[in-house]
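Beneath this line is the structure, given in structure tokens, with notes to follow.
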There are 2 protein chains.
Amino acid sequence: MSPQQRKSEEAGSRENERRRTILRAAIDVFARKGYHGCRIADVAREAGVAYGLVYHYFKNKDELLETVAETGWSGFVSRMRTVAESEDASLEDKVRGIADVAFEAYRVDPRAVKVLILEVARSPAGGHVVSRQQAFLGAIRMAAEMFARAQSTGELRSDLDPMLCASLLFGAIEMGLTAFVSGLMEDRSPEALDRAKVQIAESFLRGVLPGAAPSAEASWKQEKQSSGTRPKAGKRS
Amino acid sequence: MSPQQRKSEEAGSRENERRRTILRAAIDVFARKGYHGCRIADVAREAGVAYGLVYHYFKNKDELLETVAETGWSGFVSRMRTVAESEDASLEDKVRGIADVAFEAYRVDPRAVKVLILEVARSPAGGHVVSRQQAFLGAIRMAAEMFARAQSTGELRSDLDPMLCASLLFGAIEMGLTAFVSGLMEDRSPEALDRAKVQIAESFLRGVLPGAAPSAEASWKQEKQSSGTRPKAGKRS
DNA sequence: TCCCCGGCTGACTCGCGAGTCAGTCGGCCG
DNA sequence: CGGCCGACTGACTCGCGAGTCAGCCGGGGA
């Protein structure tokens, strides 16, 4: 190992050591108190470093969140892309794969997922620094394309809007995770997590795949076999 | 109309006139810039009233959001309760009814729904003001109970976790609405909305009902015109 | 040994925006 | 008509917390 290598490597890892410590602390604090609900001082204390050092590594508070979002999200997206764009896998497997990726991410780092879901994906953002939910929307679009492709090969019912399918899938996954994140599910064992994952993936697939259910396209036209009066409509006087 | 009635009604509505104006302005501003991204001054300007008047009607900024959440959410929950707890309706109809309620709310007041979804349901806030997401979780629990009951009558596959079903349904609906809220769906016509609603409800049902398929019941065709009498989904009390 | 350099420190500044309050105005009652 | 009451106003206060910066070490090189 040459001196240069050693030097730069050491320096690099040492520098990143601190940087990472701060990032880690930021994730934990954001998860606990929310982005708006915490001060930089909290992050510094959590990281065990001086207040000013945070500003040595990050331009400002916003960049801190930005970086958390960036790193966390890019990992998820690249993994998801591998799944969604694999040539030989069936749609079913892809969907299961995506659920896998999401739940695995939660298993590995629940707090980071919490921040990603609560602060990034749903940032109310009026001005919203673009990269934020743009990345999120990008993931949905990617899924939508996957579904569109699946439609052309007949793997997906053709009467569904791909974009809506993507929303449905992500909504189900996200809300499933939220149930854990928010403590709605009291049992957070790995087994419970796995069960949830499977249920979500399978229920989604049942609802969306063609065949099996006879009523696919036909049912859209079929007459109502009146199951009681259901006086509701989309219009209001 | 008795004098008392008239009097109190007038007084009530006059006082509330201002109050409502401010509330309305708050919803619009929150929807546009987010809760944290706006100042009380913005709300006052939007409402066309003096800065101080906002504090005449609301204790502080938080109570403003609280009130927005309260009113918007209670309307939704009570409507949803009527649907979820109706004795004679099938699970299918209940699910469709819930989707109806949600999408109707969006049709009537998209901005309020945006605020509810973005600022209330997912308020990142660690622990604070309970009533916020507690109400949201309450709705999920209500749905979970509905699903549990449906399981006991065999209307729902018994291998599913009711709580998870509820999460799935809400996740799908919420994300569907989010797709509109965030502009992911470019077509926001009432028809597109209706299509989305139906797809979500039907996909969910297919995925979750026992047996081969949901009893093919495609009643949305006539739904569009059945508007005769319908006491539900008439936003704002 | 001493000096220099850069990671590191934390007390300080300063702007922003929530919340206050002394005062105005119009309407109603005696 | 005069005095009271309460909705309404908006300039002001003040605390909070983001961001700054002058200076402090500790290690490495001369």
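Each chain of the structure tokens is named A, B, ... in the order shown, its residues numbered from 1; ligands are numbered from 1 in display order.
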
Give the helix (DSSP H, G or I) residues of range 8-225 of chain B, as assigned by DSSP on the backbone, as number ranges by chain. B: 8-33, 40-47, 51-57, 61-85, 91-108, 110-121, 131-152, 162-181, 190-208, 220-223

Need the shell around DC3 in chain C: protein/DNA/RNA residues with any atom at most 12 Å away, counting only C-alpha atoms (C1' of nucleotides). Skip same-chain ones fewer than 5 positions apart. Format as a PyMOL selection string? chain D and resi 27-30

May I have the residues from that selection written out with N, CA, C and O atoms (P, O5', C5', C4', C3', O3' and C1' of nucleotides), as a tab-separated table (two decimals), in the first residue's frame?
chain	number	residue	atom	x	y	z
D	27	DG	P	-2.41	14.16	18.78
D	27	DG	O5'	-2.18	13.70	17.27
D	27	DG	C5'	-2.99	14.23	16.22
D	27	DG	C4'	-2.11	14.71	15.07
D	27	DG	C3'	-0.76	13.98	14.94
D	27	DG	O3'	-0.41	13.94	13.57
D	27	DG	C1'	-0.35	16.23	15.18
D	28	DG	P	0.23	12.64	12.93
D	28	DG	O5'	0.83	13.15	11.54
D	28	DG	C5'	0.25	14.28	10.87
D	28	DG	C4'	1.32	15.24	10.41
D	28	DG	C3'	2.69	14.59	10.14
D	28	DG	O3'	3.29	15.25	9.03
D	28	DG	C1'	2.97	16.30	11.67
D	29	DG	P	4.28	14.55	8.08
D	29	DG	O5'	4.71	15.72	7.07
D	29	DG	C5'	4.16	17.03	7.20
D	29	DG	C4'	5.26	18.06	7.49
D	29	DG	C3'	6.67	17.65	7.04
D	29	DG	O3'	7.28	18.78	6.45
D	29	DG	C1'	6.72	18.28	9.30
D	30	DA	P	8.50	18.72	5.49
D	30	DA	O5'	9.42	19.88	6.06
D	30	DA	C5'	8.85	21.15	6.41
D	30	DA	C4'	9.80	21.88	7.35
D	30	DA	C3'	11.28	21.70	6.99
D	30	DA	O3'	11.97	22.94	7.15
D	30	DA	C1'	10.93	21.04	9.22

Neighbours of range 10-14 of chain C within 12 Å (only C-alpha atoms (C1' of nucleotides); same-chain residues fewer than 2 positions away dropped), as a list in words?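 Here the qualifying residues turn out to be Ala41, Ala44, Val49, Ala50, Tyr51, Gly52 and Leu53 of chain A; DC8 and DC16 of chain C; DC16, DG17, DA18, DG19, DT20, DC21, DA22, DG23 and DC24 of chain D.
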
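With distances restricted to only C-alpha atoms, B:Ser167 is the closest residue to chain A from B:Ser152, B:Ser167, B:Ser86, B:Gln134.
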
Leaving out range 15-26 of chain A and any residue of its chain fewer than 3 positions from it, which residues lie within 10 Å of it when counting only C-alpha atoms (C1' of nucleotides), given as a PyMOL selection string? (chain A and resi 9-12+29-32+34-35+38+40+42-49+53-54+56-58+61+64-65+67-68+111-112+115) or (chain C and resi 7)

Once you count only C-alpha atoms (C1' of nucleotides), what closest atom pair and distance in Å to one decimal does each residue of chain D within 7 Å of chain B have, with rows by chain and rising residue number, as a Markdown table?
| residue | atom | partner | partner_atom | distance |
| --- | --- | --- | --- | --- |
| D:DC8 | C1' | B:Leu53 | CA | 6.6 |
| D:DT9 | C1' | B:Ala50 | CA | 6.0 |
| D:DG10 | C1' | B:Tyr51 | CA | 6.9 |

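The space separating CA of Ile117 in chain A from CA of Arg39 in chain B comes to 25.4 Å.
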
Give me the residues near DG30 in chain C as number ranges by chain, where near means some atom within 12 Å (using only C-alpha atoms (C1' of nucleotides)) and where sequence neighbours in that chain fewer than 3 positions away do not count. D: 1-4

Would you mind exporting all heavy atoms of the selected residues as a PDB file, in the first residue's frame?
ATOM      1  P    DC D   1     -76.595  64.534  19.043  1.00  0.00           P
ATOM      2  OP1  DC D   1     -75.411  65.272  19.243  1.00  0.00           O
ATOM      3  OP2  DC D   1     -76.861  63.273  18.412  1.00  0.00           O
ATOM      4  O5'  DC D   1     -77.710  64.716  20.176  1.00  0.00           O
ATOM      5  C5'  DC D   1     -77.679  65.359  21.461  1.00  0.00           C
ATOM      6  C4'  DC D   1     -77.215  64.484  22.594  1.00  0.00           C
ATOM      7  O4'  DC D   1     -77.972  63.259  22.638  1.00  0.00           O
ATOM      8  C3'  DC D   1     -75.742  64.082  22.493  1.00  0.00           C
ATOM      9  O3'  DC D   1     -75.118  64.330  23.768  1.00  0.00           O
ATOM     10  C2'  DC D   1     -75.767  62.592  22.191  1.00  0.00           C
ATOM     11  C1'  DC D   1     -77.073  62.164  22.848  1.00  0.00           C
ATOM     12  N1   DC D   1     -77.688  60.964  22.245  1.00  0.00           N
ATOM     13  C2   DC D   1     -77.998  59.879  23.074  1.00  0.00           C
ATOM     14  O2   DC D   1     -77.756  59.943  24.299  1.00  0.00           O
ATOM     15  N3   DC D   1     -78.574  58.766  22.550  1.00  0.00           N
ATOM     16  C4   DC D   1     -78.835  58.727  21.220  1.00  0.00           C
ATOM     17  N4   DC D   1     -79.420  57.614  20.728  1.00  0.00           N
ATOM     18  C5   DC D   1     -78.529  59.821  20.364  1.00  0.00           C
ATOM     19  C6   DC D   1     -77.962  60.904  20.908  1.00  0.00           C
ATOM     20  P    DG D   2     -73.577  64.596  23.908  1.00  0.00           P
ATOM     21  OP1  DG D   2     -73.377  65.949  24.459  1.00  0.00           O
ATOM     22  OP2  DG D   2     -72.920  64.198  22.649  1.00  0.00           O
ATOM     23  O5'  DG D   2     -73.202  63.528  25.010  1.00  0.00           O
ATOM     24  C5'  DG D   2     -74.033  63.321  26.156  1.00  0.00           C
ATOM     25  C4'  DG D   2     -73.680  61.965  26.743  1.00  0.00           C
ATOM     26  O4'  DG D   2     -74.364  60.936  25.982  1.00  0.00           O
ATOM     27  C3'  DG D   2     -72.201  61.620  26.679  1.00  0.00           C
ATOM     28  O3'  DG D   2     -71.875  60.827  27.805  1.00  0.00           O
ATOM     29  C2'  DG D   2     -72.103  60.813  25.386  1.00  0.00           C
ATOM     30  C1'  DG D   2     -73.406  60.028  25.475  1.00  0.00           C
ATOM     31  N9   DG D   2     -73.914  59.508  24.212  1.00  0.00           N
ATOM     32  C8   DG D   2     -73.777  60.054  22.952  1.00  0.00           C
ATOM     33  N7   DG D   2     -74.370  59.351  22.023  1.00  0.00           N
ATOM     34  C5   DG D   2     -74.925  58.263  22.719  1.00  0.00           C
ATOM     35  C6   DG D   2     -75.681  57.170  22.247  1.00  0.00           C
ATOM     36  O6   DG D   2     -76.032  56.918  21.100  1.00  0.00           O
ATOM     37  N1   DG D   2     -76.036  56.310  23.285  1.00  0.00           N
ATOM     38  C2   DG D   2     -75.714  56.487  24.603  1.00  0.00           C
ATOM     39  N2   DG D   2     -76.136  55.567  25.436  1.00  0.00           N
ATOM     40  N3   DG D   2     -75.003  57.512  25.057  1.00  0.00           N
ATOM     41  C4   DG D   2     -74.646  58.358  24.064  1.00  0.00           C
ATOM     42  P    DG D   3     -70.459  60.725  28.380  1.00  0.00           P
ATOM     43  OP1  DG D   3     -70.235  61.871  29.255  1.00  0.00           O
ATOM     44  OP2  DG D   3     -69.540  60.431  27.243  1.00  0.00           O
ATOM     45  O5'  DG D   3     -70.535  59.399  29.277  1.00  0.00           O
ATOM     46  C5'  DG D   3     -71.792  58.754  29.518  1.00  0.00           C
ATOM     47  C4'  DG D   3     -71.688  57.279  29.154  1.00  0.00           C
ATOM     48  O4'  DG D   3     -72.137  57.072  27.792  1.00  0.00           O
ATOM     49  C3'  DG D   3     -70.270  56.711  29.224  1.00  0.00           C
ATOM     50  O3'  DG D   3     -70.344  55.465  29.893  1.00  0.00           O
ATOM     51  C2'  DG D   3     -69.883  56.534  27.754  1.00  0.00           C
ATOM     52  C1'  DG D   3     -71.227  56.177  27.156  1.00  0.00           C
ATOM     53  N9   DG D   3     -71.366  56.359  25.713  1.00  0.00           N
ATOM     54  C8   DG D   3     -70.845  57.386  24.950  1.00  0.00           C
ATOM     55  N7   DG D   3     -71.160  57.285  23.681  1.00  0.00           N
ATOM     56  C5   DG D   3     -71.924  56.120  23.597  1.00  0.00           C
ATOM     57  C6   DG D   3     -72.551  55.507  22.474  1.00  0.00           C
ATOM     58  O6   DG D   3     -72.557  55.873  21.323  1.00  0.00           O
ATOM     59  N1   DG D   3     -73.226  54.342  22.846  1.00  0.00           N
ATOM     60  C2   DG D   3     -73.287  53.844  24.114  1.00  0.00           C
ATOM     61  N2   DG D   3     -73.974  52.728  24.283  1.00  0.00           N
ATOM     62  N3   DG D   3     -72.722  54.411  25.176  1.00  0.00           N
ATOM     63  C4   DG D   3     -72.059  55.542  24.837  1.00  0.00           C
ATOM     64  P    DC D   4     -69.202  54.714  30.533  1.00  0.00           P
ATOM     65  OP1  DC D   4     -69.295  54.768  32.003  1.00  0.00           O
ATOM     66  OP2  DC D   4     -67.989  55.190  29.832  1.00  0.00           O
ATOM     67  O5'  DC D   4     -69.521  53.233  30.060  1.00  0.00           O
ATOM     68  C5'  DC D   4     -70.875  52.762  30.043  1.00  0.00           C
ATOM     69  C4'  DC D   4     -70.982  51.597  29.079  1.00  0.00           C
ATOM     70  O4'  DC D   4     -71.107  52.074  27.715  1.00  0.00           O
ATOM     71  C3'  DC D   4     -69.746  50.674  29.087  1.00  0.00           C
ATOM     72  O3'  DC D   4     -70.197  49.338  29.105  1.00  0.00           O
ATOM     73  C2'  DC D   4     -69.031  51.023  27.785  1.00  0.00           C
ATOM     74  C1'  DC D   4     -70.215  51.360  26.885  1.00  0.00           C
ATOM     75  N1   DC D   4     -69.878  52.223  25.711  1.00  0.00           N
ATOM     76  C2   DC D   4     -70.369  51.887  24.444  1.00  0.00           C
ATOM     77  O2   DC D   4     -71.061  50.862  24.319  1.00  0.00           O
ATOM     78  N3   DC D   4     -70.075  52.680  23.382  1.00  0.00           N
ATOM     79  C4   DC D   4     -69.324  53.770  23.557  1.00  0.00           C
ATOM     80  N4   DC D   4     -69.070  54.534  22.490  1.00  0.00           N
ATOM     81  C5   DC D   4     -68.811  54.139  24.835  1.00  0.00           C
ATOM     82  C6   DC D   4     -69.102  53.333  25.880  1.00  0.00           C
TER      83       DC D   4
END

Select from chain C every residue with an atom at most 10 Å from any atom of chain B, then for each give the shortest pair of atoms and their distance in Å to one decimal, using only C-alpha atoms (C1' of nucleotides), rows by chain and rising number, as JSON lines.
{"residue": "C:DG17", "atom": "C1'", "partner": "B:Arg39", "partner_atom": "CA", "distance": 6.9}
{"residue": "C:DA18", "atom": "C1'", "partner": "B:Lys61", "partner_atom": "CA", "distance": 7.9}
{"residue": "C:DG19", "atom": "C1'", "partner": "B:Asn60", "partner_atom": "CA", "distance": 7.7}
{"residue": "C:DT20", "atom": "C1'", "partner": "B:Gly52", "partner_atom": "CA", "distance": 9.1}
{"residue": "C:DC21", "atom": "C1'", "partner": "B:Gly52", "partner_atom": "CA", "distance": 10.0}

Keeping only N, CA, C and O atoms (P, O5', C5', C4', C3', O3' and C1' of nucleotides), take the residues you just selected and write them out as a PDB file, in the first residue's frame.
ATOM      1  P    DG C  17     -40.410  34.351   8.367  1.00  0.00           P
ATOM      2  O5'  DG C  17     -41.465  33.926   9.466  1.00  0.00           O
ATOM      3  C5'  DG C  17     -41.102  33.021  10.505  1.00  0.00           C
ATOM      4  C4'  DG C  17     -41.838  33.362  11.774  1.00  0.00           C
ATOM      5  C3'  DG C  17     -43.270  33.870  11.558  1.00  0.00           C
ATOM      6  O3'  DG C  17     -44.067  33.318  12.584  1.00  0.00           O
ATOM      7  C1'  DG C  17     -42.139  35.360  12.898  1.00  0.00           C
ATOM      8  P    DA C  18     -45.544  32.768  12.310  1.00  0.00           P
ATOM      9  O5'  DA C  18     -45.974  32.332  13.773  1.00  0.00           O
ATOM     10  C5'  DA C  18     -45.130  31.501  14.530  1.00  0.00           C
ATOM     11  C4'  DA C  18     -45.154  31.896  15.995  1.00  0.00           C
ATOM     12  C3'  DA C  18     -46.546  32.087  16.580  1.00  0.00           C
ATOM     13  O3'  DA C  18     -46.559  31.555  17.893  1.00  0.00           O
ATOM     14  C1'  DA C  18     -45.326  34.109  16.787  1.00  0.00           C
ATOM     15  P    DG C  19     -47.925  31.211  18.619  1.00  0.00           P
ATOM     16  O5'  DG C  19     -48.187  32.541  19.465  1.00  0.00           O
ATOM     17  C5'  DG C  19     -47.274  32.839  20.517  1.00  0.00           C
ATOM     18  C4'  DG C  19     -47.447  34.264  20.938  1.00  0.00           C
ATOM     19  C3'  DG C  19     -48.875  34.701  21.322  1.00  0.00           C
ATOM     20  O3'  DG C  19     -48.807  35.274  22.619  1.00  0.00           O
ATOM     21  C1'  DG C  19     -47.859  36.313  19.957  1.00  0.00           C
ATOM     22  P    DT C  20     -50.069  35.907  23.353  1.00  0.00           P
ATOM     23  O5'  DT C  20     -49.696  37.462  23.484  1.00  0.00           O
ATOM     24  C5'  DT C  20     -48.394  37.828  23.877  1.00  0.00           C
ATOM     25  C4'  DT C  20     -48.321  39.351  24.013  1.00  0.00           C
ATOM     26  C3'  DT C  20     -49.520  39.994  24.725  1.00  0.00           C
ATOM     27  O3'  DT C  20     -48.996  41.022  25.560  1.00  0.00           O
ATOM     28  C1'  DT C  20     -49.273  40.961  22.578  1.00  0.00           C
ATOM     29  P    DC C  21     -49.844  41.507  26.826  1.00  0.00           P
ATOM     30  O5'  DC C  21     -50.183  43.007  26.404  1.00  0.00           O
ATOM     31  C5'  DC C  21     -49.296  43.708  25.517  1.00  0.00           C
ATOM     32  C4'  DC C  21     -49.975  44.976  25.036  1.00  0.00           C
ATOM     33  C3'  DC C  21     -51.237  45.344  25.812  1.00  0.00           C
ATOM     34  O3'  DC C  21     -51.351  46.748  25.835  1.00  0.00           O
ATOM     35  C1'  DC C  21     -51.804  45.030  23.582  1.00  0.00           C
TER      36       DC C  21
END
